[in-house]
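*Asks:* mmCIF, C-alpha atoms, file coords_18.cif:
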```cif
data_start
#
loop_
_atom_site.label_atom_id
_atom_site.label_comp_id
_atom_site.auth_asym_id
_atom_site.auth_seq_id
_atom_site.Cartn_x
_atom_site.Cartn_y
_atom_site.Cartn_z
CA MET A 1 46.44 -20.07 -3.83
CA ALA A 2 42.69 -19.63 -3.51
CA SER A 3 40.66 -19.80 -6.75
CA GLU A 4 43.71 -20.83 -8.80
CA ASN A 5 41.77 -23.35 -10.89
CA THR A 6 38.99 -20.89 -11.63
CA ILE A 7 41.50 -18.20 -12.60
CA ALA A 8 43.30 -20.56 -14.98
CA GLU A 9 40.02 -21.69 -16.53
CA ILE A 10 38.79 -18.13 -17.04
CA THR A 11 42.07 -17.09 -18.63
CA SER A 12 42.05 -20.02 -21.05
CA GLN A 13 38.72 -19.11 -22.65
CA PRO A 14 39.92 -17.47 -25.90
CA GLU A 15 42.13 -20.47 -26.66
CA VAL A 16 39.45 -22.98 -25.70
CA TRP A 17 36.82 -21.18 -27.76
CA GLN A 18 39.05 -21.40 -30.82
CA THR A 19 39.46 -25.13 -30.22
CA ALA A 20 35.68 -25.47 -30.25
CA VAL A 21 35.45 -23.59 -33.56
CA ASP A 22 38.07 -25.91 -35.05
CA LEU A 23 36.13 -28.96 -33.78
CA LEU A 24 32.77 -27.89 -35.19
CA PRO A 25 33.15 -29.34 -38.73
CA SER A 26 33.51 -32.84 -37.27
CA VAL A 27 30.62 -32.57 -34.82
CA GLU A 28 27.52 -34.69 -35.38
CA GLY A 29 24.10 -34.51 -33.79
CA LEU A 30 23.47 -30.76 -33.63
CA PRO A 31 20.00 -29.56 -34.67
CA LEU A 32 19.31 -29.26 -38.39
CA LYS A 33 17.54 -26.32 -39.97
CA GLY A 34 13.79 -26.63 -39.51
CA GLU A 35 13.89 -29.16 -36.69
CA ARG A 36 11.74 -28.55 -33.62
CA VAL A 37 14.18 -28.71 -30.73
CA ALA A 38 14.13 -28.81 -26.93
CA VAL A 39 17.37 -27.68 -25.26
CA ILE A 40 17.79 -28.89 -21.69
CA GLY A 41 20.25 -28.24 -18.89
CA CYS A 42 20.48 -27.69 -15.15
CA GLY A 43 21.88 -24.59 -13.45
CA THR A 44 24.42 -22.86 -15.68
CA SER A 45 23.67 -25.24 -18.55
CA TRP A 46 20.01 -24.23 -18.45
CA PHE A 47 20.95 -20.60 -18.93
CA MET A 48 23.17 -21.50 -21.89
CA ALA A 49 20.20 -23.43 -23.27
CA GLN A 50 18.03 -20.31 -22.98
CA SER A 51 20.53 -18.21 -24.92
CA TYR A 52 20.91 -20.77 -27.69
CA ALA A 53 17.17 -21.36 -27.97
CA PHE A 54 16.45 -17.67 -28.47
CA LEU A 55 19.24 -17.26 -31.01
CA ARG A 56 18.15 -20.27 -33.05
CA GLU A 57 14.57 -19.07 -33.31
CA GLU A 58 15.64 -15.48 -33.98
CA LEU A 59 17.71 -16.68 -36.94
CA GLY A 60 14.70 -18.56 -38.33
CA LEU A 61 16.26 -22.00 -37.98
CA GLY A 62 13.41 -23.71 -36.16
CA GLU A 63 11.17 -23.62 -33.12
CA THR A 64 13.35 -24.06 -30.04
CA ASP A 65 12.34 -24.38 -26.39
CA ALA A 66 14.65 -24.31 -23.37
CA PHE A 67 13.89 -26.24 -20.19
CA THR A 68 15.53 -27.11 -16.95
CA ALA A 69 15.48 -30.88 -16.85
CA THR A 70 12.73 -31.38 -14.26
CA GLU A 71 10.39 -28.97 -16.06
CA PHE A 72 10.67 -30.57 -19.50
CA ARG A 73 7.25 -31.01 -21.15
CA SER A 74 7.36 -34.68 -22.01
CA ASP A 75 3.88 -34.38 -23.56
CA ARG A 76 5.36 -32.33 -26.41
CA THR A 77 6.99 -33.84 -29.47
CA TYR A 78 10.36 -32.64 -30.70
CA ASP A 79 12.58 -33.64 -33.61
CA ARG A 80 15.57 -33.51 -31.30
CA ILE A 81 16.41 -33.12 -27.63
CA LEU A 82 19.72 -31.34 -27.04
CA THR A 83 21.09 -31.68 -23.51
CA ILE A 84 24.03 -29.89 -21.89
CA SER A 85 25.81 -31.42 -18.89
CA ARG A 86 29.44 -30.71 -18.02
CA SER A 87 29.93 -33.95 -16.10
CA GLY A 88 27.47 -36.15 -17.97
CA THR A 89 26.40 -37.48 -14.57
CA THR A 90 23.64 -35.07 -13.52
CA THR A 91 20.78 -37.21 -12.27
CA GLU A 92 17.97 -35.21 -13.86
CA ILE A 93 19.66 -35.30 -17.28
CA VAL A 94 20.35 -39.03 -17.06
CA GLU A 95 16.74 -39.74 -16.11
CA LEU A 96 15.33 -37.55 -18.87
CA LEU A 97 17.45 -39.15 -21.59
CA SER A 98 16.71 -42.64 -20.31
CA HIS A 99 12.96 -42.04 -20.56
CA THR A 100 12.68 -40.44 -23.98
CA SER A 101 12.40 -42.07 -27.39
CA MET A 102 13.02 -38.81 -29.23
CA PRO A 103 16.39 -38.35 -30.99
CA SER A 104 18.86 -36.89 -28.52
CA THR A 105 22.28 -35.28 -28.31
CA LEU A 106 24.46 -34.64 -25.25
CA ILE A 107 27.09 -31.90 -25.01
CA THR A 108 29.49 -32.70 -22.19
CA ALA A 109 33.09 -32.33 -21.04
CA VAL A 110 33.44 -35.93 -19.89
CA GLY A 111 32.83 -38.65 -22.45
CA GLN A 112 31.06 -41.96 -21.92
CA GLY A 113 29.35 -40.94 -18.71
CA PRO A 114 25.94 -42.17 -17.47
CA ALA A 115 24.01 -39.68 -19.61
CA ALA A 116 25.90 -40.65 -22.77
CA ALA A 117 24.59 -44.19 -22.51
CA HIS A 118 21.11 -42.88 -23.31
CA ALA A 119 21.98 -40.27 -25.99
CA ASP A 120 22.06 -40.91 -29.73
CA HIS A 121 24.96 -38.50 -30.16
CA GLU A 122 27.63 -37.31 -27.73
CA ILE A 123 29.67 -34.14 -28.29
CA VAL A 124 32.65 -34.17 -25.93
CA LEU A 125 34.38 -30.87 -25.15
CA SER A 126 37.07 -32.44 -22.98
CA PHE A 127 39.40 -29.51 -23.66
CA ALA A 128 36.90 -27.26 -21.86
CA ASP A 129 36.55 -29.42 -18.75
CA GLU A 130 37.19 -27.80 -15.38
CA LYS A 131 38.67 -28.67 -12.01
CA SER A 132 36.70 -25.98 -10.20
CA VAL A 133 33.15 -26.57 -9.02
CA VAL A 134 31.86 -23.34 -10.56
CA GLN A 135 31.47 -23.44 -14.34
CA THR A 136 33.08 -20.79 -16.51
CA ARG A 137 34.84 -22.04 -19.64
CA PHE A 138 32.74 -25.16 -20.25
CA ALA A 139 29.52 -23.16 -20.32
CA SER A 140 30.88 -20.36 -22.47
CA THR A 141 32.55 -22.84 -24.84
CA ALA A 142 29.37 -24.87 -25.27
CA LEU A 143 27.43 -21.71 -26.08
CA LEU A 144 30.12 -20.46 -28.47
CA LEU A 145 30.06 -23.82 -30.28
CA LEU A 146 26.29 -23.64 -30.55
CA ARG A 147 26.33 -20.00 -31.71
CA THR A 148 28.89 -20.82 -34.36
CA SER A 149 26.79 -23.77 -35.55
CA LEU A 150 24.03 -21.25 -36.27
CA GLY A 151 26.31 -19.30 -38.59
CA VAL A 152 27.43 -16.63 -36.14
CA ASP A 153 31.11 -15.81 -36.74
CA ALA A 154 33.15 -16.53 -33.61
CA ALA A 155 36.22 -14.47 -34.51
CA GLY A 156 34.92 -11.26 -32.95
CA ALA A 157 33.92 -12.95 -29.71
CA ILE A 158 37.31 -14.64 -29.40
CA ALA A 159 39.17 -11.37 -30.00
CA ASP A 160 36.90 -9.59 -27.53
CA ALA A 161 37.56 -12.29 -24.93
CA GLU A 162 41.26 -11.48 -25.15
CA THR A 163 40.37 -7.84 -24.47
CA ALA A 164 38.12 -8.88 -21.59
CA LEU A 165 41.05 -10.57 -19.88
CA GLU A 166 42.93 -7.26 -19.84
CA THR A 167 40.02 -5.01 -18.89
CA GLU A 168 40.35 -3.22 -15.56
CA ILE A 169 38.01 -4.31 -12.78
CA PRO A 170 37.08 -1.14 -10.87
CA ALA A 171 37.06 -1.22 -7.08
CA SER A 172 33.44 -0.04 -7.13
CA TRP A 173 32.44 -3.30 -8.83
CA VAL A 174 34.28 -5.42 -6.28
CA GLN A 175 32.79 -3.49 -3.37
CA ALA A 176 29.22 -3.13 -4.68
CA ASP A 177 26.72 -4.50 -2.16
CA GLN A 178 24.18 -5.54 -4.82
CA ILE A 179 24.21 -6.18 -8.58
CA SER A 180 21.25 -6.51 -10.95
CA PHE A 181 22.00 -8.17 -14.31
CA LEU A 182 19.92 -7.42 -17.40
CA GLY A 183 19.75 -8.80 -20.91
CA THR A 184 17.65 -8.70 -24.04
CA GLY A 185 16.95 -11.54 -26.44
CA TRP A 186 19.66 -14.18 -26.26
CA THR A 187 21.56 -12.26 -23.57
CA VAL A 188 18.80 -12.77 -20.98
CA GLY A 189 20.36 -16.20 -20.42
CA LEU A 190 23.73 -14.52 -19.88
CA ALA A 191 22.19 -12.19 -17.29
CA HIS A 192 20.79 -15.15 -15.37
CA GLU A 193 24.14 -16.94 -15.59
CA ALA A 194 26.06 -13.86 -14.39
CA ALA A 195 23.82 -13.54 -11.36
CA LEU A 196 24.24 -17.23 -10.55
CA LYS A 197 28.02 -17.03 -10.97
CA LEU A 198 28.37 -14.30 -8.36
CA ARG A 199 26.05 -16.06 -5.93
CA GLU A 200 28.05 -19.27 -6.27
CA SER A 201 31.54 -17.78 -6.20
CA SER A 202 31.22 -14.93 -3.73
CA GLN A 203 27.87 -15.30 -1.93
CA SER A 204 26.83 -11.97 -3.47
CA TRP A 205 23.32 -10.52 -3.56
CA THR A 206 22.42 -10.57 -7.24
CA GLU A 207 19.25 -10.49 -9.31
CA SER A 208 18.60 -10.90 -13.04
CA TYR A 209 15.84 -9.85 -15.42
CA PRO A 210 14.99 -9.19 -19.04
CA ALA A 211 16.10 -5.57 -19.43
CA MET A 212 12.66 -4.14 -20.16
CA GLU A 213 11.30 -5.72 -16.97
CA TYR A 214 13.80 -3.86 -14.79
CA ARG A 215 11.65 -0.74 -14.70
CA HIS A 216 8.60 -2.78 -13.67
CA GLY A 217 9.73 -2.99 -10.05
CA PRO A 218 13.33 -4.21 -9.69
CA ILE A 219 14.80 -0.74 -10.23
CA ALA A 220 13.41 0.14 -6.79
CA ILE A 221 16.46 -1.44 -5.15
CA ALA A 222 18.96 0.57 -7.21
CA GLN A 223 20.93 3.09 -5.18
CA PRO A 224 24.48 4.38 -4.68
CA GLY A 225 26.94 1.54 -4.10
CA ARG A 226 25.00 -0.88 -6.31
CA LEU A 227 25.40 -1.89 -9.95
CA THR A 228 23.02 -2.36 -12.84
CA TRP A 229 24.90 -4.53 -15.35
CA CYS A 230 23.49 -4.84 -18.87
CA PHE A 231 24.54 -7.42 -21.44
CA GLY A 232 24.11 -6.11 -24.96
CA GLU A 233 22.10 -3.06 -25.94
CA VAL A 234 20.78 -0.80 -23.18
CA PRO A 235 17.08 0.04 -23.71
CA GLU A 236 16.33 3.65 -24.55
CA GLY A 237 16.05 5.86 -21.48
CA MET A 238 17.38 3.25 -19.04
CA ALA A 239 20.81 4.83 -18.60
CA GLU A 240 19.21 8.07 -17.45
CA GLN A 241 16.83 6.28 -15.10
CA VAL A 242 19.63 4.23 -13.52
CA ALA A 243 21.75 7.36 -13.14
CA ALA A 244 18.88 9.05 -11.29
CA THR A 245 18.96 6.27 -8.67
CA GLY A 246 22.66 6.79 -7.98
CA ALA A 247 23.52 3.23 -9.05
CA GLU A 248 26.33 2.58 -11.52
CA LEU A 249 25.39 1.28 -14.98
CA VAL A 250 27.85 -1.27 -16.39
CA THR A 251 27.80 -1.82 -20.16
CA SER A 252 30.28 -2.97 -22.78
CA ASP A 253 30.84 -2.76 -26.53
CA LEU A 254 32.42 -6.23 -26.43
CA ASP A 255 30.57 -9.29 -27.67
CA PRO A 256 28.17 -10.19 -24.82
CA LEU A 257 29.86 -13.57 -24.36
CA ALA A 258 33.18 -11.77 -23.88
CA HIS A 259 31.44 -9.39 -21.48
CA LEU A 260 30.62 -12.51 -19.46
CA VAL A 261 34.37 -13.18 -19.22
CA ILE A 262 34.73 -9.84 -17.42
CA LEU A 263 32.02 -10.98 -15.03
CA HIS A 264 33.92 -14.24 -14.44
CA ARG A 265 36.95 -12.20 -13.41
CA LEU A 266 34.82 -10.02 -11.15
CA ALA A 267 33.44 -13.14 -9.45
CA VAL A 268 36.97 -14.15 -8.46
CA GLU A 269 37.82 -10.61 -7.31
CA ARG A 270 34.74 -10.50 -5.11
CA ALA A 271 35.45 -13.97 -3.72
CA THR A 272 38.99 -12.93 -2.87
CA ALA A 273 37.78 -9.76 -1.18
CA ARG A 274 35.51 -11.90 1.02
CA ASP A 275 38.24 -14.44 1.77
CA LEU A 276 36.41 -17.12 -0.21
CA ASP A 277 37.73 -19.74 -2.63
CA ALA A 278 35.83 -19.66 -5.93
CA ASP A 279 37.13 -23.17 -6.71
CA THR A 280 35.12 -24.71 -3.86
CA PRO A 281 32.01 -22.65 -2.99
CA ARG A 282 29.99 -23.70 0.02
CA SER A 283 27.16 -26.22 -0.30
CA LEU A 284 28.02 -27.01 -3.94
CA THR A 285 29.51 -30.01 -5.72
CA ARG A 286 30.81 -30.38 -9.27
CA ALA A 287 27.72 -32.37 -10.28
CA VAL A 288 24.34 -32.99 -8.69
CA ILE A 289 23.88 -36.73 -8.29
CA LEU A 290 20.73 -37.55 -6.36
CA THR A 291 20.03 -40.60 -4.25
CA GLU A 292 16.65 -42.08 -3.37
CA ASN A 293 16.66 -40.10 -0.10
CA ASP A 294 17.25 -36.70 -1.75
#
```
Re-express the file's structure as structure tokens.

*Replies:*
Amino acid sequence: MASENTIAEITSQPEVWQTAVDLLPSVEGLPLKGERVAVIGCGTSWFMAQSYAFLREELGLGETDAFTATEFRSDRTYDRILTISRSGTTTEIVELLSHTSMPSTLITAVGQGPAAAHADHEIVLSFADEKSVVQTRFASTALLLLRTSLGVDAAGAIADAETALETEIPASWVQADQISFLGTGWTVGLAHEAALKLRESSQSWTESYPAMEYRHGPIAIAQPGRLTWCFGEVPEGMAEQVAATGAELVTSDLDPLAHLVILHRLAVERATARDLDADTPRSLTRAVILTEND
């Protein structure tokens, strides 16, 4: 059965999220209040880093920057570097950790990997590991753990994820020829991740923006048969402007992280409709491990 691993991993998210909440009291190495922190990841993990960084600053817990690994500003000083890597083998993460003297923490699904050898603390979410190439539950679980560590109650998100697994996926979403994802604040990272997920899983044409930037050009591609998908609050007047283009506006009252679960399900539906296997998307591997010739 095509995409069977991805389907199982998507479906398991409420249970896996609760496991992360239960683990949190025993976790060591997460940023302390007031620390200046750099959060670093590649691909999906970078987008989770963006969401966490915004949330942490918004809650007044300390200056927090998010970087993809190769763009990290090594000339800046931080109290802690927090890295996210599902496999713990990503070359850019390993190199960054091996070249820094700043206190560091790695969140991963696979313990004692190459990156862990260079981190001061390792947080292993082995229960959220995945067989599929495309990330779903590891990324969402890492972000839920980090959100909860900031004092955000996870109960609502977990309950909403259960609802998300039962939510109908309209045919218009599966058949849409283009989707633009929007977010505000911490959900901008979710918008970027949603767009990436559909590109990876179903080779879909997707774009992503901070919601208020959508009207500064990107709305020009909106038309009938296309979606404008907004995580979190829809800016005033945007619903009317999207309606005027003929595009369909997708919103949800669910926790934005649970709304991402709906997107995960849509990614599989679109892959299936295109006779693709979301478990093994083209040109991708589970981890990016570079050689000297790359």

*Asks:* For the structure shown, which residues end up in the PyMOL selection byres ((chain A and resi 31) around 9)? Put them as a ChimeraX atom specification, please?

*Replies:* /A:29-30,32-37,62,79-82,105,149

*Asks:* Would you be able to write out as a PDB file with C-alpha atoms, in the coordinates of the input which residues have an atom within 7 Å of (23.1, -10.1, -21.0) in the file's coordinates, counting only C-alpha atoms?

*Replies:*
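Result file follows (result-v6.pdb):
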```pdb
ATOM      1  CA  LEU A 182      19.920  -7.420 -17.400  1.00  0.00           C
ATOM      2  CA  GLY A 183      19.750  -8.800 -20.910  1.00  0.00           C
ATOM      3  CA  THR A 184      17.650  -8.700 -24.040  1.00  0.00           C
ATOM      4  CA  THR A 187      21.560 -12.260 -23.570  1.00  0.00           C
ATOM      5  CA  VAL A 188      18.800 -12.770 -20.980  1.00  0.00           C
ATOM      6  CA  GLY A 189      20.360 -16.200 -20.420  1.00  0.00           C
ATOM      7  CA  LEU A 190      23.730 -14.520 -19.880  1.00  0.00           C
ATOM      8  CA  ALA A 191      22.190 -12.190 -17.290  1.00  0.00           C
ATOM      9  CA  CYS A 230      23.490  -4.840 -18.870  1.00  0.00           C
ATOM     10  CA  PHE A 231      24.540  -7.420 -21.440  1.00  0.00           C
ATOM     11  CA  GLY A 232      24.110  -6.110 -24.960  1.00  0.00           C
ATOM     12  CA  PRO A 256      28.170 -10.190 -24.820  1.00  0.00           C
TER      13      PRO A 256
END
```

*Asks:* Got a sec: who's within 9 Å of Ala117 (chain A), counting only C-alpha atoms, leaving out chain neighbours fewer than 2 positions off, as a list of chain:residue names?

*Replies:*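 Surrounding residues, per the criterion: A:Val94, A:Leu97, A:Ser98, A:Gln112, A:Gly113, A:Pro114, A:Ala115, A:Ala119, A:Asp120.
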
*Asks:* With only C-alpha atoms counted, which protein, DNA or RNA residues have an atom no more than 12 Å from (25.0, -18.1, -37.5) in the file frame? Please answer as a PyMOL selection string.

*Replies:* chain A and resi 33+52+55-61+144-154

*Asks:* Restricting the output to C-alpha atoms, write the selected residues as a compact mmCIF listing (two decimals), keeping the file's coordinate frame.

*Replies:*
```txt
# COMPACT_ATOMS: atom_id res chain seq x y z
CA LYS A 33 17.54 -26.32 -39.97
CA TYR A 52 20.91 -20.77 -27.69
CA LEU A 55 19.24 -17.26 -31.01
CA ARG A 56 18.15 -20.27 -33.05
CA GLU A 57 14.57 -19.07 -33.31
CA GLU A 58 15.64 -15.48 -33.98
CA LEU A 59 17.71 -16.68 -36.94
CA GLY A 60 14.70 -18.56 -38.33
CA LEU A 61 16.26 -22.00 -37.98
CA LEU A 144 30.12 -20.46 -28.47
CA LEU A 145 30.06 -23.82 -30.28
CA LEU A 146 26.29 -23.64 -30.55
CA ARG A 147 26.33 -20.00 -31.71
CA THR A 148 28.89 -20.82 -34.36
CA SER A 149 26.79 -23.77 -35.55
CA LEU A 150 24.03 -21.25 -36.27
CA GLY A 151 26.31 -19.30 -38.59
CA VAL A 152 27.43 -16.63 -36.14
CA ASP A 153 31.11 -15.81 -36.74
CA ALA A 154 33.15 -16.53 -33.61
```

*Asks:* Using only C-alpha atoms for the distances, tell me which of A:Val261, A:Ala109, A:Ala155, A:Leu125 is nearest to Gln18 (chain A).

*Replies:*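 Residue with the minimum atom-to-atom distance to Gln18 (chain A): A:Ala155.
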
*Asks:* Which value, in Å to one decimal, gives the distance between CA of Thr90 (chain A) and CA of Ala69 (chain A)?

*Replies:*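 Computing it gives 9.8 Å between the two atoms.
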
*Asks:* Residues near Ala239 (chain A), anyone? I mean within 10 Å using all atoms listed in the file, not counting same-chain ones fewer than 6 positions away, as a PyMOL selection string.

*Replies:* chain A and resi 228+248-251

*Asks:* I'd like the neighbourhood of Ile262 (chain A) as a PyMOL selection string, where a residue qualifies if any of its atoms comes within 10 Å (using only C-alpha atoms), though same-chain residues fewer than 4 positions away should be ignored.

*Replies:* chain A and resi 10+161+163-169+252+254+256-258+266-267

*Asks:* Would you put the residues from that selection into a file with C-alpha atoms, as a compact mmCIF listing (two decimals), in the frame of the given file?

*Replies:*
```txt
# COMPACT_ATOMS: atom_id res chain seq x y z
CA ILE A 10 38.79 -18.13 -17.04
CA ALA A 161 37.56 -12.29 -24.93
CA THR A 163 40.37 -7.84 -24.47
CA ALA A 164 38.12 -8.88 -21.59
CA LEU A 165 41.05 -10.57 -19.88
CA GLU A 166 42.93 -7.26 -19.84
CA THR A 167 40.02 -5.01 -18.89
CA GLU A 168 40.35 -3.22 -15.56
CA ILE A 169 38.01 -4.31 -12.78
CA SER A 252 30.28 -2.97 -22.78
CA LEU A 254 32.42 -6.23 -26.43
CA PRO A 256 28.17 -10.19 -24.82
CA LEU A 257 29.86 -13.57 -24.36
CA ALA A 258 33.18 -11.77 -23.88
CA LEU A 266 34.82 -10.02 -11.15
CA ALA A 267 33.44 -13.14 -9.45
```

*Asks:* To verify the selection step, state as a list in words which residues the PyMOL selection byres ((chain A and resi 17) around 10) yields on this input.

*Replies:*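 Written out, the selection comes to Ser12, Gln13, Pro14, Glu15, Val16, Gln18, Thr19, Ala20, Val21, Asp22, Leu23, Phe127, Ala128, Arg137, Phe138, Ser140, Thr141, Ala142, Leu143, Leu144, Leu145, Ala154, Ala155, Ala157, Ile158 and Ala161 of chain A.
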
*Asks:* So what does the PyMOL selection byres ((chain A and resi 49) around 8) actually pick up in this one, as a ChimeraX atom specification?

*Replies:* /A:39-41,45-48,50-53,66-67,84,143,189

*Asks:* What is the distance, in Å and to one decimal place, between CA of Glu71 (chain A) and CA of Glu28 (chain A)?

*Replies:* 26.4 Å

*Asks:* From the list A:Val268, A:Ala211, A:Ala116, A:Leu263, which residue is nearest Val242 (chain A) when using all atoms listed in the file?

*Replies:*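 Nearest candidate to Val242 (chain A) out of A:Val268, A:Ala211, A:Ala116, A:Leu263: A:Ala211.
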
*Asks:* At a cut-off of 10 Å, using only C-alpha atoms, what residues contact Pro281 (chain A)? Leave out same-chain residues fewer than 5 positions from it and give the result as a ChimeraX atom specification.

*Replies:* /A:3,132-134,199-203,271,276

*Asks:* Please write the residues from the selection above to a file, keeping C-alpha atoms, as a JSON list (two decimals), in the frame of the given file.

*Replies:*
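again_32.json, written as the output of this step:
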```
[["chain", "number", "residue", "atom", "x", "y", "z"],
["A", 3, "SER", "CA", 40.66, -19.80, -6.75],
["A", 132, "SER", "CA", 36.70, -25.98, -10.20],
["A", 133, "VAL", "CA", 33.15, -26.57, -9.02],
["A", 134, "VAL", "CA", 31.86, -23.34, -10.56],
["A", 199, "ARG", "CA", 26.05, -16.06, -5.93],
["A", 200, "GLU", "CA", 28.05, -19.27, -6.27],
["A", 201, "SER", "CA", 31.54, -17.78, -6.20],
["A", 202, "SER", "CA", 31.22, -14.93, -3.73],
["A", 203, "GLN", "CA", 27.87, -15.30, -1.93],
["A", 271, "ALA", "CA", 35.45, -13.97, -3.72],
["A", 276, "LEU", "CA", 36.41, -17.12, -0.21]]
```

*Asks:* Could I get region 101-113 of chain A rebuilt with N, CA, C and O atoms, written as a compact mmCIF listing (two decimals), in the frame of the given file?

*Replies:*
```txt
# COMPACT_ATOMS: atom_id res chain seq x y z
N SER A 101 12.14 -41.35 -26.14
CA SER A 101 12.40 -42.07 -27.39
C SER A 101 12.72 -41.11 -28.52
O SER A 101 12.99 -41.54 -29.65
N MET A 102 12.71 -39.81 -28.22
CA MET A 102 13.02 -38.81 -29.23
C MET A 102 14.53 -38.77 -29.48
O MET A 102 15.32 -39.02 -28.57
N PRO A 103 14.96 -38.46 -30.70
CA PRO A 103 16.39 -38.35 -30.99
C PRO A 103 17.06 -37.36 -30.03
O PRO A 103 16.48 -36.31 -29.73
N SER A 104 18.25 -37.71 -29.55
CA SER A 104 18.86 -36.89 -28.52
C SER A 104 20.35 -36.72 -28.73
O SER A 104 21.03 -37.59 -29.30
N THR A 105 20.86 -35.60 -28.23
CA THR A 105 22.28 -35.28 -28.31
C THR A 105 22.71 -34.73 -26.95
O THR A 105 21.99 -33.94 -26.34
N LEU A 106 23.88 -35.13 -26.50
CA LEU A 106 24.46 -34.64 -25.25
C LEU A 106 25.73 -33.88 -25.54
O LEU A 106 26.62 -34.39 -26.24
N ILE A 107 25.84 -32.65 -25.00
CA ILE A 107 27.09 -31.90 -25.01
C ILE A 107 27.66 -31.99 -23.60
O ILE A 107 27.00 -31.62 -22.63
N THR A 108 28.89 -32.47 -23.49
CA THR A 108 29.49 -32.70 -22.19
C THR A 108 30.99 -32.47 -22.25
O THR A 108 31.56 -32.32 -23.34
N ALA A 109 31.63 -32.43 -21.10
CA ALA A 109 33.09 -32.33 -21.04
C ALA A 109 33.73 -33.67 -20.72
O ALA A 109 34.94 -33.81 -20.86
N VAL A 110 32.91 -34.62 -20.31
CA VAL A 110 33.44 -35.93 -19.89
C VAL A 110 32.73 -37.02 -20.68
O VAL A 110 31.53 -37.26 -20.50
N GLY A 111 33.45 -37.67 -21.57
CA GLY A 111 32.83 -38.65 -22.45
C GLY A 111 32.45 -39.95 -21.76
O GLY A 111 33.01 -40.32 -20.72
N GLN A 112 31.47 -40.61 -22.34
CA GLN A 112 31.06 -41.96 -21.92
C GLN A 112 30.58 -42.01 -20.47
O GLN A 112 30.77 -43.02 -19.78
N GLY A 113 29.93 -40.95 -20.04
CA GLY A 113 29.35 -40.94 -18.71
C GLY A 113 27.96 -41.55 -18.71
O GLY A 113 27.47 -42.02 -19.75
```
